[in-house]
file my_file_34.pdb (PDB, C-alpha atoms)
ATOM      1  CA  MET A   1       0.000   0.000   0.000
ATOM      2  CA  SER A   2       1.301   3.402  -0.919
ATOM      3  CA  LEU A   3       0.062   6.761   0.306
ATOM      4  CA  ASP A   4       0.152   9.899  -1.810
ATOM      5  CA  LYS A   5      -0.190  13.558  -0.812
ATOM      6  CA  ALA A   6      -3.956  13.573  -1.360
ATOM      7  CA  THR A   7      -4.459  10.553   0.900
ATOM      8  CA  VAL A   8      -2.270  12.030   3.628
ATOM      9  CA  ALA A   9      -4.212  15.307   3.410
ATOM     10  CA  LYS A  10      -7.523  13.422   3.684
ATOM     11  CA  VAL A  11      -6.318  11.378   6.684
ATOM     12  CA  ALA A  12      -5.012  14.527   8.372
ATOM     13  CA  ASN A  13      -8.367  16.211   7.793
ATOM     14  CA  LEU A  14     -10.269  13.233   9.237
ATOM     15  CA  ALA A  15      -7.941  13.208  12.264
ATOM     16  CA  ARG A  16      -8.408  16.963  12.652
ATOM     17  CA  ILE A  17      -4.648  17.511  12.319
ATOM     18  CA  LYS A  18      -3.443  20.583  10.488
ATOM     19  CA  VAL A  19      -0.637  19.656   8.099
ATOM     20  CA  GLU A  20       0.953  22.322   5.948
ATOM     21  CA  GLU A  21       1.085  21.710   2.185
ATOM     22  CA  LYS A  22       4.898  21.649   2.246
ATOM     23  CA  ASP A  23       4.835  18.877   4.886
ATOM     24  CA  LEU A  24       2.504  16.516   3.017
ATOM     25  CA  GLU A  25       5.163  14.945   0.767
ATOM     26  CA  PRO A  26       7.666  14.177   3.585
ATOM     27  CA  MET A  27       4.838  12.840   5.751
ATOM     28  CA  ALA A  28       3.651  10.591   2.911
ATOM     29  CA  ALA A  29       7.188   9.213   2.578
ATOM     30  CA  GLU A  30       7.431   8.625   6.323
ATOM     31  CA  LEU A  31       4.042   6.896   6.489
ATOM     32  CA  ASN A  32       4.964   4.731   3.480
ATOM     33  CA  ASN A  33       8.145   3.747   5.329
ATOM     34  CA  ILE A  34       6.087   2.759   8.401
ATOM     35  CA  LEU A  35       3.660   0.756   6.243
ATOM     36  CA  GLY A  36       6.654  -0.988   4.669
ATOM     37  CA  TRP A  37       7.834  -2.124   8.110
ATOM     38  CA  ILE A  38       4.331  -3.384   8.904
ATOM     39  CA  GLU A  39       4.269  -5.363   5.648
ATOM     40  CA  GLN A  40       7.614  -6.921   6.616
ATOM     41  CA  LEU A  41       6.121  -8.021   9.937
ATOM     42  CA  GLY A  42       3.287  -9.677   8.049
ATOM     43  CA  GLU A  43       5.817 -11.848   6.181
ATOM     44  CA  VAL A  44       7.132 -13.458   9.376
ATOM     45  CA  ASP A  45       6.032 -17.089   9.748
ATOM     46  CA  THR A  46       4.333 -17.434  13.138
ATOM     47  CA  GLU A  47       2.442 -20.672  12.513
ATOM     48  CA  THR A  48       4.633 -22.712  14.869
ATOM     49  CA  THR A  49       4.999 -20.002  17.508
ATOM     50  CA  MET A  50       2.760 -20.314  20.535
ATOM     51  CA  PRO A  51       1.077 -17.103  21.721
ATOM     52  CA  MET A  52       2.420 -15.772  24.997
ATOM     53  CA  THR A  53       1.640 -13.008  27.412
ATOM     54  CA  SER A  54       5.173 -12.670  28.756
ATOM     55  CA  VAL A  55       8.695 -13.784  27.942
ATOM     56  CA  ALA A  56       8.903 -15.325  31.420
ATOM     57  CA  ASP A  57       7.003 -18.569  31.972
ATOM     58  CA  MET A  58       4.361 -17.860  34.596
ATOM     59  CA  LYS A  59       0.777 -18.606  35.492
ATOM     60  CA  LEU A  60      -1.807 -15.887  35.843
ATOM     61  CA  ARG A  61      -3.496 -15.478  39.186
ATOM     62  CA  TRP A  62      -7.234 -15.999  39.150
ATOM     63  CA  ARG A  63      -9.752 -14.278  41.337
ATOM     64  CA  ALA A  64     -13.298 -15.152  42.169
ATOM     65  CA  ASP A  65     -15.816 -13.640  39.760
ATOM     66  CA  GLU A  66     -17.944 -11.797  42.283
ATOM     67  CA  VAL A  67     -19.861  -8.548  42.078
ATOM     68  CA  THR A  68     -18.250  -6.337  44.706
ATOM     69  CA  ASP A  69     -19.400  -2.851  43.811
ATOM     70  CA  GLY A  70     -22.775  -1.241  44.122
ATOM     71  CA  GLY A  71     -24.905   0.489  46.633
ATOM     72  CA  TYR A  72     -22.764   3.602  46.974
ATOM     73  CA  ALA A  73     -23.576   5.621  43.858
ATOM     74  CA  GLU A  74     -23.942   8.780  45.956
ATOM     75  CA  GLU A  75     -20.290   8.521  47.015
ATOM     76  CA  VAL A  76     -19.173   7.982  43.418
ATOM     77  CA  VAL A  77     -20.814  11.168  42.129
ATOM     78  CA  ALA A  78     -20.178  13.212  45.283
ATOM     79  CA  ASN A  79     -17.270  15.163  43.732
ATOM     80  CA  ALA A  80     -18.832  15.505  40.290
ATOM     81  CA  PRO A  81     -19.387  19.082  39.143
ATOM     82  CA  SER A  82     -22.919  18.116  38.120
ATOM     83  CA  SER A  83     -24.939  14.960  38.687
ATOM     84  CA  GLU A  84     -28.513  13.858  38.195
ATOM     85  CA  ASP A  85     -30.135  10.756  39.723
ATOM     86  CA  ASN A  86     -26.672   9.428  40.687
ATOM     87  CA  PHE A  87     -25.358   9.788  37.121
ATOM     88  CA  PHE A  88     -22.680  12.179  35.896
ATOM     89  CA  ALA A  89     -24.356  15.066  34.071
ATOM     90  CA  VAL A  90     -22.454  16.462  31.099
ATOM     91  CA  PRO A  91     -23.360  19.276  28.748
ATOM     92  CA  LYS A  92     -25.029  18.322  25.469
ATOM     93  CA  VAL A  93     -22.608  18.362  22.542
ATOM     94  CA  ILE A  94     -24.007  18.670  19.021
ATOM     95  CA  GLU A  95     -21.921  19.143  15.919
TER      96      GLU A  95
END

call {"tool": "encode", "arguments": {"input": "my_file_34.pdb", "output": "structure tokens"}}
result
Amino acid sequence: MSLDKATVAKVANLARIKVEEKDLEPMAAELNNILGWIEQLGEVDTETTMPMTSVADMKLRWRADEVTDGGYAEEVVANAPSSEDNFFAVPKVIE
């Protein structure tokens, strides 16, 4: 996959990032370089590699699956600037 200036400008616009016209070409080259590294990672054969969570062999600790919270909603919203019926109240945002 290769990115051109127009694609970089569109992505920057969608991400709400202001990128100057003179910076579009170098950014496209840099992003193409990053995508090249990602494509190289996709070529690595991992079929025989077992997934792991850590390089050190260890077992994860388990805990009982119990509901432990509840009944103190007033304390949770006590420091909120605005709350309603024990919920955080936020201003309406419409674009």

call {"tool": "resolve_selection", "arguments": {"input": "my_file_34.pdb", "expression": "the PyMOL selection byres ((chain A and resi 21-29) around 7)", "output": "list in words"}}
result
Leu3, Asp4, Lys5, Val8, Ala9, Val19, Glu20, Glu30, Leu31, Asn32 and Asn33 of chain A

call {"tool": "atom_distance", "arguments": {"input": "my_file_34.pdb", "atom1": "CA of Met50 in chain A", "atom2": "CA of Arg63 in chain A"}}
result
25.0 Å

call {"tool": "atom_distance", "arguments": {"input": "my_file_34.pdb", "atom1": "CA of Asn79 in chain A", "atom2": "CA of Lys92 in chain A"}}
result
20.1 Å

call {"tool": "axis_aligned_box", "arguments": {"input": "my_file_34.pdb", "around": "range 24-28 of chain A", "padding_each_side": "8 Å", "output": "JSON"}}
result
{"center_x": 5.1, "center_y": 13.6, "center_z": 3.3, "size_x": 21.2, "size_y": 21.9, "size_z": 21.0}

call {"tool": "closest_residue", "arguments": {"input": "my_file_34.pdb", "among": "A:Met52, A:Leu14, A:Ile34, A:Ala78", "to": "Ser2 in chain A", "atoms": "all atoms listed in the file"}}
result
A:Ile34

call {"tool": "atom_distance", "arguments": {"input": "my_file_34.pdb", "atom1": "CA of Asn13 in chain A", "atom2": "CA of Val93 in chain A"}}
result
20.6 Å

call {"tool": "closest_residue", "arguments": {"input": "my_file_34.pdb", "among": "A:Lys59, A:Phe88, A:Lys10, A:Ile94", "to": "Ala73 in chain A", "atoms": "all atoms listed in the file"}}
result
A:Phe88
